[in-house]
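S.K.: Below you'll find the structure I mean.
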Amino acid sequence: MNKLALIIEDDEDLANIFAEALRGIGFEIENALDGKVARERLIHGATPFLILLDMHLPHFSGRELLLNVIKKDPRFNTSWIMITTADARLAEELRDQVDFAMIKPILFGQLRDLAARLKPKDEI
Amino acid sequence: MKNFIERLFTFSTSDPEDTRKRRILGILLAGTAGVALFGVLAFIYFAATVDPAEFYLLLWGSALTFVLVAIVYAVNYFGSGRAAAVLFLVFLYIIFIFSDTADQIVGGRTLFAFTIPIFMASILLTPASSFIFAGISGAVIFYLALSLGVTPNIPGIAGFFLIAFVSWLSARSLEQALSELRSINLNLDRVVAERTEALAESLAREKIEAGRNQAILNSIADGVIVFDKRWNATMANPAIKSMLDIPLQLIINKNFRELVEHPRLGPNSRAILGSMIEHGTQPIGFRVEWGDKTLSVSAAQIYDQRREDTGTVIVFRDFTREAEVERLKSTFVGIVSHELRTPLNAILGYAEMFKEAVYGPVNEKQVNMADRIMKNTQRLLALINDLLDQAQMEAGKLTISNQTIKPAELLETMHSLMDKPAADKNLKLTSEIEDDFPEMLVGDPARLQQILVNLVGNSIKFTHRGFVHVKLLRQDDRWGIEVTDSGQGIPEFEIPHIFETFRQVDRAATREHGGFGLGLSIVKQLVGLMNGEISVTSKLGEGSVFLIRFPLIFPKESSVTWRPHE
């Protein structure tokens with residue numbers, strides 16, 4: 001069974017690029033284009049192997065989703081959490097809360113190579 | 001009565017010495033009148049007990065004395081003091097001559113009485129006049145002796161001159177002492193008068209100065225409060241009233257605590273504002289929230305001429321509008337940061353996907369084209385990053401973090417980013433770490449990386465052949481990054497300007513190498529924020545050496561925080 005990646009990104013182009021990078025290494029992709037949809041998906045959907053979370057989202061910010069939903073639900077303890085932002089200060093601030101804090105621009109190959117190295121957390 | 005007696009002995013003349021002598025004569029006349037009064041009383045007593053006919057001489061003598069005293073006093077008071085003195089002395093001679101028998105005067109009990117006019121003359125007239133009166137006394141004695149047919153009392157007459165000499169000496173000394181004393185008093189009076197005048201002028205000047213200061217205070221738009229040593233407000237200008245929206249009566253003569261504890265002052269501002277007023281300290285760019293206003297505050301201690309602290313002056317400036325602009329600017333930078341990077345990220349991503357043949361095979365020309373798209377997009381991203389960094393630094397929003405870093409990782413990352421650009425220009429990019437360099441230290445990894453990449457990128461940009469070498473070194477309590485290149489070098493006169501914003505050594509360089517000339521400016525500002533320093537040495541045609549040095553902080557000391565330069 002393929003690993004599930006939830007891409008929470010409001011920019012369709014970036015979401016597409018991230019999806020192609022991850023799909024190429026065998027991930028199954030789910031997209032959420034705004035904070036509200038993402039919140040519903042996180043609460044009611046299956047637990048992803050990897051969550052790619054943009055910080056700048058409509059309705060609910062990525063920071064709110066991270067601190068109020070993801071960090072409070074133990075189901076996500078086994079998920080790899082990767083935040084993406086153009087704000088280096090915000091990335092620095094949240095670095096301890098996540099597995100990866102990536103500052104945009106995020107290269108196609110960079111994401112693909114990084115995700116390819118991820119193993120299930122419970123096996124580490 | 002007291003006033004009447006005082007008036008009797010008060011003589012107003014322009015010469016203080018004359019006044020003094022008239023006053024002494026007045027006292028002597030009073031004494032003489034007292035003696036005469038005693039004579040009248042004695043007559044009344046004897047007339048009642050014995051035959052009064054034997055004491056008429058006493059009565060007439062006393063009455064004559066009264067008359068003469070009155071005449072002398074009148075001359076002394078209304079006329080010449082000197083003439084009165086001469087009259088008085090003559091009067092004494094007459095009394096002495098007729099008060100006893102001639103033989104007693106010449107060599108008996110009354111001889112001594114003739115010394116009295118001698119020393120009185122030295123006091124009432126001039127010191128030397130005692131000799132004249134010694135002569136007169138001697139002449140009287142001599143004449144009486146001759147009229148009696150006896151030998152004149154030569155030792156007695158000689159004694160007159162001796163007494164005259166002693167009187168002359170003592171009266172002269174007294175007059176000199178008094179003259180000096182008067183001179184001292186005169187000087188003292190003059191000094192007091194001068195000081196009084198100076199004080200009056202100074203007070204007038206101070207008054208004018210205070211008026212001028214108050215006029216200046218009243219005319220400026222900034223709110224000013226002056227606190228004394230006990231932190232009570234002694235002065236405030238009208239601007240503060242509208243700025244804080246409270247009446248001046250609630251500020252003047254009130255302790256600073258009433259201001260600091262005012263409900264409109266933001267709770268986060270209380271402690272710092274209190275400290276500013278108490279110590280006159282001056283945090284850079286300190287602002288307080290006062291109701292819906294933002295006020296910038298500055299403080300300064302007031303010293304007097306002896307450099308003693310006499311209080312604190314606090315100046316408030318309405319910063320509400322500027323604060324709003326700053327907030328908007330910060331928001332703008334955030335939005336631009338996101339909105340510019342996101343589409344560029346998409347361009348970069350699609351170009352990379354194209355190059356990686358994600359959607360099917362591509363030929364060599366297409367790969368080459370994708371490469372060019374990526375390279376130019378990255379160049380554009382670098383420019384945007386520089387501009388955003390510059391904007392953040394100008395807004396004071398760029399912060400420095402303290403983390404444990406591995407210097408070797410800095411070089412590894414630098415190589416991963418810069419090896420390819422160096423190789424593209426056939427340059428040798430090498431690095432080394434000095435032997436005694438610590439394995440771990442405290443710093444901001446992202447910003448240090450940015451500095452390193454900017455410096456190396458700059459060297460690669462301006463080096464056409466040869467090498468770029470990076471060295472991490474330690475110098476006592478500092479550590480450094482040294483970047484050496486074999487590039488074109490920098491003319492000496494341009495070196496002071498290379499860290500200026502939007503500066504490249506020549507305009508042709510801008511066209512050839514691209515960039516806004518922000519790289520080195522950002523490096524310098526970042527180094528400054530980390531309490532470091534940067535220097536450059538260069539030789540035209542041979543290359544340049546950039547050296548940056550930072551305070552060395554080991555991880556065990558990580559509680560020590562780096563703060564931006566104030």
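Following the order of the structure tokens, first chain is A, next is B, and so on, with residues numbered from 1 inside each chain and ligands from 1 in the order they appear.
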Just need the residues of chain A within 12 Å of chain B, counting only C-alpha atoms, so spit them out as a ChimeraX atom specification.
M.R.: /A:9-25,54-57,84-93,103-112
S.K.: With only C-alpha atoms as the counted atoms, please give the residues lying no more than 8 Å from range 92-104 of chain B, apart from itself and same-chain residues fewer than 3 positions off, as a VMD selection string.
M.R.: chain B and resid 88 to 89 107 to 111 113 to 114 117 144 to 145 148
S.K.: Could you pull out the residues in range 151-261 of chain B that DSSP calls alpha helix (DSSP H) from the backbone, as a PyMOL selection string?
M.R.: chain B and resi 154-219+238-244+256-260
S.K.: Write out as a list of chain:residue names the set of residues from range 347-454 of chain B that DSSP, computed on the backbone, places in strand (DSSP E or B).
M.R.: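 DSSP-assigned strand (DSSP E or B) residues in range 347-454 of chain B: B:Gln403, B:Thr404, B:Ile405, B:Lys428, B:Leu429, B:Thr430, B:Ser431, B:Glu432, B:Ile433, B:Leu441, B:Val442, B:Gly443.
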S.K.: Output the selection as a CSV table (one decimal), in the first residue's frame - N, CA and C atoms for each residue.
M.R.:
```csv
chain,number,residue,atom,x,y,z
B,403,GLN,N,22.0,29.6,18.6
B,403,GLN,CA,21.9,28.2,18.6
B,403,GLN,C,23.3,27.6,18.6
B,404,THR,N,23.3,26.3,19.0
B,404,THR,CA,24.6,25.6,18.9
B,404,THR,C,24.8,25.2,17.4
B,405,ILE,N,26.0,25.6,16.9
B,405,ILE,CA,26.2,25.3,15.5
B,405,ILE,C,27.6,24.5,15.4
B,428,LYS,N,38.6,27.5,-8.4
B,428,LYS,CA,38.9,26.4,-7.4
B,428,LYS,C,38.3,27.0,-6.1
B,429,LEU,N,37.3,26.4,-5.6
B,429,LEU,CA,36.7,26.8,-4.3
B,429,LEU,C,37.1,25.8,-3.2
B,430,THR,N,38.0,26.3,-2.3
B,430,THR,CA,38.5,25.5,-1.2
B,430,THR,C,38.2,26.1,0.1
B,431,SER,N,38.3,25.2,1.2
B,431,SER,CA,38.0,25.7,2.5
B,431,SER,C,38.9,25.0,3.5
B,432,GLU,N,39.1,25.6,4.7
B,432,GLU,CA,39.9,25.0,5.7
B,432,GLU,C,39.4,25.5,7.1
B,433,ILE,N,39.6,24.7,8.1
B,433,ILE,CA,39.3,25.1,9.5
B,433,ILE,C,40.6,25.0,10.3
B,441,LEU,N,30.1,26.0,18.4
B,441,LEU,CA,30.0,27.3,19.0
B,441,LEU,C,28.5,27.8,18.9
B,442,VAL,N,28.3,29.0,19.5
B,442,VAL,CA,26.9,29.6,19.4
B,442,VAL,C,26.8,30.6,18.4
B,443,GLY,N,25.7,30.5,17.6
B,443,GLY,CA,25.5,31.5,16.5
B,443,GLY,C,24.2,31.3,15.9
```
S.K.: Compile the contact shell of Glu289 in chain B as a list of chain:residue names: residues with an atom at most 10 Å away, counting only C-alpha atoms, same-chain residues fewer than 3 positions apart removed.
M.R.: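 After dropping sequence-adjacent residues, the list is B:Arg264, B:Leu265, B:Gly266, B:Pro267, B:Asn268, B:Ser269, B:Arg270, B:Asp292, B:Lys293, B:Thr294, B:Leu295, B:Ser296, B:Phe319, B:Thr320.
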S.K.: Can you write out the residues you just picked, keeping N, CA and C atoms, as a CSV table (one decimal), in the first residue's frame?
M.R.:
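Listed below is the output, selection.csv:
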```csv
chain,number,residue,atom,x,y,z
B,264,ARG,N,-4.2,54.9,31.5
B,264,ARG,CA,-4.1,54.9,30.0
B,264,ARG,C,-2.7,54.4,29.5
B,265,LEU,N,-1.7,54.3,30.4
B,265,LEU,CA,-0.4,53.8,30.0
B,265,LEU,C,-0.5,52.3,29.9
B,266,GLY,N,0.0,51.8,28.8
B,266,GLY,CA,0.0,50.4,28.5
B,266,GLY,C,0.8,49.6,29.6
B,267,PRO,N,0.3,48.5,30.1
B,267,PRO,CA,1.0,47.8,31.3
B,267,PRO,C,2.4,47.4,31.0
B,268,ASN,N,2.7,47.1,29.7
B,268,ASN,CA,4.1,46.7,29.3
B,268,ASN,C,5.0,47.9,29.4
B,269,SER,N,4.5,49.1,29.4
B,269,SER,CA,5.4,50.2,29.3
B,269,SER,C,5.8,50.8,30.6
B,270,ARG,N,5.0,50.4,31.7
B,270,ARG,CA,5.2,51.0,33.0
B,270,ARG,C,6.6,50.9,33.6
B,292,ASP,N,-5.1,55.1,22.8
B,292,ASP,CA,-4.9,54.6,21.4
B,292,ASP,C,-3.8,55.3,20.7
B,293,LYS,N,-2.9,55.9,21.5
B,293,LYS,CA,-1.7,56.6,20.8
B,293,LYS,C,-0.5,55.8,21.1
B,294,THR,N,0.5,55.9,20.2
B,294,THR,CA,1.8,55.4,20.4
B,294,THR,C,2.7,56.6,20.5
B,295,LEU,N,3.5,56.6,21.6
B,295,LEU,CA,4.4,57.8,21.9
B,295,LEU,C,5.8,57.3,21.9
B,296,SER,N,6.7,58.0,21.3
B,296,SER,CA,8.1,57.6,21.4
B,296,SER,C,8.6,58.5,22.6
B,319,PHE,N,3.9,59.3,18.1
B,319,PHE,CA,4.5,58.4,17.1
B,319,PHE,C,3.4,57.5,16.5
B,320,THR,N,2.1,57.9,16.7
B,320,THR,CA,1.0,57.0,16.3
B,320,THR,C,1.0,56.8,14.8
```
S.K.: As a VMD selection string, please: the residues near Ala300 in chain B (cut-off 10 Å, only C-alpha atoms, same-chain neighbours under 2 positions excluded).
M.R.: chain B and resid 226 276 to 277 279 to 282 298 302 to 303 311 to 315
S.K.: Could those residues be written to a file, using N, CA and C atoms, as a PDB file, in the first residue's frame?
M.R.:
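Saved result, out_37.pdb, follows:
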```pdb
ATOM      1  N   VAL B 226       9.629  67.996  33.047  1.00  0.00           N
ATOM      2  CA  VAL B 226      10.898  68.055  33.770  1.00  0.00           C
ATOM      3  C   VAL B 226      10.647  67.591  35.204  1.00  0.00           C
ATOM      4  N   MET B 276      13.179  54.931  33.174  1.00  0.00           N
ATOM      5  CA  MET B 276      13.718  56.066  32.403  1.00  0.00           C
ATOM      6  C   MET B 276      13.682  57.345  33.224  1.00  0.00           C
ATOM      7  N   ILE B 277      12.550  57.551  33.931  1.00  0.00           N
ATOM      8  CA  ILE B 277      12.412  58.789  34.709  1.00  0.00           C
ATOM      9  C   ILE B 277      13.354  58.759  35.915  1.00  0.00           C
ATOM     10  N   HIS B 279      16.175  57.010  36.355  1.00  0.00           N
ATOM     11  CA  HIS B 279      17.617  56.964  36.079  1.00  0.00           C
ATOM     12  C   HIS B 279      18.031  57.791  34.878  1.00  0.00           C
ATOM     13  N   GLY B 280      17.053  58.385  34.189  1.00  0.00           N
ATOM     14  CA  GLY B 280      17.391  59.154  32.981  1.00  0.00           C
ATOM     15  C   GLY B 280      17.986  58.271  31.903  1.00  0.00           C
ATOM     16  N   THR B 281      17.670  56.964  31.925  1.00  0.00           N
ATOM     17  CA  THR B 281      18.234  56.040  30.939  1.00  0.00           C
ATOM     18  C   THR B 281      17.543  56.242  29.596  1.00  0.00           C
ATOM     19  N   GLN B 282      18.188  55.754  28.561  1.00  0.00           N
ATOM     20  CA  GLN B 282      17.714  56.068  27.226  1.00  0.00           C
ATOM     21  C   GLN B 282      17.694  54.824  26.336  1.00  0.00           C
ATOM     22  N   SER B 298      11.969  59.787  25.022  1.00  0.00           N
ATOM     23  CA  SER B 298      13.409  59.853  25.275  1.00  0.00           C
ATOM     24  C   SER B 298      13.631  60.585  26.597  1.00  0.00           C
ATOM     25  N   ILE B 302      19.536  65.842  33.944  1.00  0.00           N
ATOM     26  CA  ILE B 302      19.917  67.258  33.944  1.00  0.00           C
ATOM     27  C   ILE B 302      21.009  67.443  34.994  1.00  0.00           C
ATOM     28  N   TYR B 303      22.088  68.082  34.591  1.00  0.00           N
ATOM     29  CA  TYR B 303      23.186  68.329  35.528  1.00  0.00           C
ATOM     30  C   TYR B 303      23.359  69.831  35.724  1.00  0.00           C
ATOM     31  N   GLY B 311      17.965  66.231  38.152  1.00  0.00           N
ATOM     32  CA  GLY B 311      16.649  65.737  37.735  1.00  0.00           C
ATOM     33  C   GLY B 311      16.694  65.090  36.368  1.00  0.00           C
ATOM     34  N   THR B 312      15.523  64.915  35.790  1.00  0.00           N
ATOM     35  CA  THR B 312      15.417  64.234  34.498  1.00  0.00           C
ATOM     36  C   THR B 312      14.407  64.979  33.627  1.00  0.00           C
ATOM     37  N   VAL B 313      14.722  65.081  32.347  1.00  0.00           N
ATOM     38  CA  VAL B 313      13.744  65.642  31.417  1.00  0.00           C
ATOM     39  C   VAL B 313      13.275  64.514  30.486  1.00  0.00           C
ATOM     40  N   ILE B 314      11.965  64.415  30.337  1.00  0.00           N
ATOM     41  CA  ILE B 314      11.376  63.365  29.500  1.00  0.00           C
ATOM     42  C   ILE B 314      10.656  64.045  28.331  1.00  0.00           C
ATOM     43  N   VAL B 315      10.964  63.582  27.143  1.00  0.00           N
ATOM     44  CA  VAL B 315      10.330  64.154  25.949  1.00  0.00           C
ATOM     45  C   VAL B 315       9.473  63.080  25.267  1.00  0.00           C
TER      46      VAL B 315
END
```
S.K.: Taking only C-alpha atoms into account, which of B:Leu186, B:Ile225, B:Ile132, B:Ile246 comes nearest Gly291 in chain B?
M.R.: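 Among B:Leu186, B:Ile225, B:Ile132, B:Ile246, it is B:Ile246 that comes nearest to Gly291 in chain B.
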S.K.: Considering only C-alpha atoms, return as a compact mmCIF listing (two decimals) with all heavy atoms, in the first residue's frame whatever protein or nucleic-acid residues lie within 9 Å of Phe256 in chain B, sequence-local ones (same chain, fewer than 2 positions apart) excluded.
M.R.:
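Output file part.txt follows:
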```txt
# COMPACT_ATOMS: atom_id res chain seq x y z
N PHE B 227 11.42 66.59 35.63
CA PHE B 227 11.31 66.07 37.00
C PHE B 227 12.53 66.52 37.80
O PHE B 227 13.64 66.59 37.26
CB PHE B 227 11.26 64.54 36.99
CG PHE B 227 10.00 63.99 36.38
CD1 PHE B 227 9.93 63.70 35.03
CD2 PHE B 227 8.88 63.77 37.16
CE1 PHE B 227 8.78 63.20 34.46
CE2 PHE B 227 7.71 63.28 36.60
CZ PHE B 227 7.66 62.99 35.25
N TRP B 231 11.96 63.27 41.74
CA TRP B 231 11.05 62.77 40.70
C TRP B 231 9.66 63.39 40.80
O TRP B 231 8.66 62.75 40.47
CB TRP B 231 10.97 61.24 40.71
CG TRP B 231 12.32 60.62 40.62
CD1 TRP B 231 13.20 60.76 39.58
CD2 TRP B 231 13.00 59.84 41.59
NE1 TRP B 231 14.37 60.09 39.85
CE2 TRP B 231 14.27 59.52 41.08
CE3 TRP B 231 12.65 59.36 42.85
CZ2 TRP B 231 15.18 58.75 41.77
CZ3 TRP B 231 13.55 58.59 43.55
CH2 TRP B 231 14.80 58.29 43.02
N ASN B 232 9.63 64.63 41.24
CA ASN B 232 8.38 65.39 41.17
C ASN B 232 8.44 66.27 39.93
O ASN B 232 9.47 66.88 39.65
CB ASN B 232 8.19 66.26 42.42
CG ASN B 232 7.98 65.42 43.66
OD1 ASN B 232 7.28 64.40 43.61
ND2 ASN B 232 8.61 65.80 44.75
N ALA B 233 7.33 66.35 39.21
CA ALA B 233 7.31 67.14 37.98
C ALA B 233 7.32 68.62 38.34
O ALA B 233 6.47 69.09 39.08
CB ALA B 233 6.08 66.81 37.16
N ILE B 251 -0.18 66.88 36.34
CA ILE B 251 1.21 66.51 36.06
C ILE B 251 2.16 67.31 36.97
O ILE B 251 2.99 66.74 37.67
CB ILE B 251 1.56 66.79 34.58
CG1 ILE B 251 0.66 65.96 33.67
CG2 ILE B 251 3.03 66.45 34.32
CD1 ILE B 251 0.82 66.29 32.19
N LYS B 254 3.40 66.68 40.73
CA LYS B 254 3.04 65.29 41.06
C LYS B 254 4.27 64.41 40.90
O LYS B 254 5.14 64.68 40.07
CB LYS B 254 1.93 64.77 40.14
CG LYS B 254 0.68 65.64 40.13
CD LYS B 254 -0.11 65.48 41.40
CE LYS B 254 -1.35 66.36 41.35
NZ LYS B 254 -2.00 66.52 42.62
N GLU B 258 2.58 58.76 39.64
CA GLU B 258 1.20 59.02 39.21
C GLU B 258 1.09 58.93 37.69
O GLU B 258 0.06 58.52 37.16
CB GLU B 258 0.74 60.39 39.71
CG GLU B 258 0.66 60.42 41.22
CD GLU B 258 -0.13 61.60 41.74
OE1 GLU B 258 -0.98 62.13 41.02
OE2 GLU B 258 0.14 62.00 42.89
N LEU B 259 2.18 59.32 37.02
CA LEU B 259 2.18 59.22 35.55
C LEU B 259 2.35 57.76 35.13
O LEU B 259 1.64 57.26 34.25
CB LEU B 259 3.33 60.07 35.00
CG LEU B 259 3.40 60.21 33.49
CD1 LEU B 259 2.29 61.10 32.98
CD2 LEU B 259 4.74 60.78 33.08
N VAL B 260 3.29 57.09 35.79
CA VAL B 260 3.59 55.70 35.42
C VAL B 260 2.41 54.77 35.71
O VAL B 260 2.20 53.78 35.02
CB VAL B 260 4.87 55.25 36.17
CG1 VAL B 260 5.11 53.77 36.01
CG2 VAL B 260 6.08 56.02 35.65
N GLU B 261 1.65 55.10 36.74
CA GLU B 261 0.52 54.24 37.10
C GLU B 261 -0.80 54.71 36.49
O GLU B 261 -1.87 54.19 36.84
CB GLU B 261 0.41 54.18 38.63
CG GLU B 261 1.52 53.31 39.25
CD GLU B 261 1.70 53.57 40.74
OE1 GLU B 261 0.85 54.26 41.31
OE2 GLU B 261 2.71 53.10 41.29
N GLY B 274 9.13 54.06 34.03
CA GLY B 274 9.53 54.40 35.40
C GLY B 274 11.03 54.44 35.55
O GLY B 274 11.60 55.36 36.13
N ILE B 277 12.55 57.55 33.93
CA ILE B 277 12.41 58.79 34.71
C ILE B 277 13.35 58.76 35.91
O ILE B 277 14.03 59.73 36.22
CB ILE B 277 10.95 58.99 35.16
CG1 ILE B 277 10.04 59.14 33.94
CG2 ILE B 277 10.83 60.22 36.06
CD1 ILE B 277 8.56 59.11 34.25
N GLU B 278 13.44 57.59 36.55
CA GLU B 278 14.27 57.49 37.76
C GLU B 278 15.75 57.63 37.45
O GLU B 278 16.49 58.27 38.18
CB GLU B 278 14.04 56.14 38.44
CG GLU B 278 12.89 56.17 39.42
CD GLU B 278 12.82 54.89 40.20
OE1 GLU B 278 12.61 53.82 39.60
OE2 GLU B 278 12.96 54.96 41.43
```
S.K.: For each of A:Ala32, A:Leu4, A:Leu67, A:Ile124, take the minimum atom-to-atom distance to Pro48 in chain A, counting only C-alpha atoms, then give the residue where this is smallest.
M.R.: A:Leu4
